Amino acid sequence: MSQFSKIAFLFEPIISFFQVISLPIIIASIFYYLSVPLVNSLAKHKVNRTIGSTIVLIVIAVVITGLIALIPSLVDEGRNLINNWDSIWQNYQSRLQGFIKGDWYDQVDLVIQTFLTRFQDLSTFNWENIANSALTSLSSIVGTVTRVTIAIVTAPIILFYMLRDGYKLPGFLSQYLPTQIRQSTMQLIADMNKQISQYIRGQIIVAIAVAIMFVIGYSVIGLPYGAIIGVAAGFLNIIPYVGSFLAMIPAIIVAIVVGPVMIIQVLIVFAIEQTIESRVISPQVLGSNLAIHPVTIMLLLIAAGNLYGVAGVVFIIPIYAVLKVIFFHFFAWYKAVSGLYEDDDTDDELDEIDVAPFEEAVPEED
């Protein structure tokens with residue numbers, strides 16, 4: 001490790017290269033898993049994959065353009081919510097204090113106010129360090145803008161070739177694998193691909209459905225800032241189990257400010273949304289193929305959030321699902337070659353691993 005630390009600078013260009021190309025690849029991969037079923041369906045109906053990929057890109061462009069047309073109104077509503085948040089919060093505190101009387105509330109409020117006062121004491125700031133940090137942040141912002149611009153330009157190109165030629169990847173990889181492990185390795189890759197595709201596709205579809213349900217529900221009951229809160233709920237729903245409840249916090253605060261009737265209406269909207277999502281949408285879209293216990297998901301989210309922040313919370317579940325597939329395949333191989341499980345007659349799911357073929361493996365039509 002000491003020797004590697006001395007030559008770490010040699011790897012900085014490689015790391016910078018992957019940092020630049022990772023964002024467009026991630027964006028293209030997300031849209032790929034969302035749209036590849038449509039390309040495969042067109043290919044089954046004798047539509048050339050090049051034409052099918054072009055059609056899908058045009059559809060994606062039209063949808064994104066329509067969403068961008070809605071962004072200005074959402075941005076205005078979000079800006080109004082931010083500008084009015086101080087008054088909303090003060091009204092929330094006064095109403096909550098009116099509902100809940102007691103010395104403990106005054107003590108808690110005193111602690112919060114003391115913390116805020118100390119936090120806002122600008123005289124304790126080291127302005128020289130802040131200026132240096134600002135200059136460093138400026139260069140970081142320029143780099144970030146550059147990477148985002150490159151991603152926006154290159155992601156559609158990468159997506160087009162992934163949609164057109166992605167089904168060829170399994171055959172291309174298999175020719176470089178030794179014949180003795182070729183079949184098992186391709187089975188492993190197929191299962192990993194299935195897990196990733198189902199999770200990405202399912203979570204995004206569920207998130208969009210949740211956003212639509214909340215926006216419609218809040219619009220019906222007349223909740224102020226309901227559109228931006230509903231859209232935020234859809235984004236947060238990408239975090240399993242936790243996202244929807246986090247999105248309820250601003251809705252409840254605004255409802256408390258409006259009045260008791262609005263609180264009941266918001267809770268009814270939330271109950272209806274949760275019922276439809278858990279009983280209809282999630283089982284149909286996600287299914288049970290991930291087979292991850294809810295307690296395991298919560299522990300993963302806690303650990304990943306503490307270690308890697310928002311990125312860890314978003315990516316930990318698919319990473320765990322892939323690692324779980326790798327472990328199952330490795331353990332199945334170990335059972336077969338070790339000879340330690342010959343008398344094990346239990347019905348274990350590792351005895352037989354069902355391998356789903358690649359969804360992308362659709363022959364190209366001439």
# chains A, B, ... in the order shown; residues from 1 in each chain; ligands from 1

$ residues_around --residues "Ile252 of chain A" --least-positions-apart "6" --cutoff "10 Å" --atoms "only C-alpha atoms" --output "ChimeraX atom specification"
/A:92,258,262-264,266-267

$ residues_around --residues "segment 79-82 of chain A" --least-positions-apart "4" --cutoff "10 Å" --atoms "only C-alpha atoms" --output "PyMOL selection string"
chain A and resi 73-75+86+88+224-225+228-229+254

$ atom_distance --atom1 "atom CA of Ile158 of chain A" --atom2 "atom CA of Ile64 of chain A"
17.2 Å

$ residues_around --residues "segment 208-220 of chain A" --least-positions-apart "5" --cutoff "7 Å" --atoms "only C-alpha atoms" --output "PyMOL selection string"
chain A and resi 226-227+230-231+233-234+269+273

$ select_by_dssp --residues "segment 143-346 of chain A" --states "helix (DSSP H, G or I)" --output "PyMOL selection string"
chain A and resi 143-174+179-221+226-236+243-258+260-285+294-338

$ atom_distance --atom1 "atom CA of Val145 of chain A" --atom2 "atom CA of Leu67 of chain A"
21.6 Å

$ residues_around --residues "Ile58 of chain A" --least-positions-apart "4" --cutoff "12 Å" --atoms "only C-alpha atoms" --output "list in words"
Ser35, Ile51, Gly52, Ser53, Thr54, Val62, Val63, Ile64, Thr65, Pro156, Leu159 and Phe160 of chain A

$ closest_residue --among "A:Trp333, A:Phe31, A:Phe17, A:Tyr199" --to "Ile157 of chain A" --atoms "only C-alpha atoms"
A:Phe31

$ residues_around --residues "Val325 of chain A" --least-positions-apart "6" --cutoff "8 Å" --atoms "only C-alpha atoms" --output "MDAnalysis selection string"
chainID A and resid 188 191:192

$ closest_residue --among "A:Gly243, A:Pro170, A:Pro318, A:Gly222" --to "Arg201 of chain A" --atoms "only C-alpha atoms"
A:Pro318
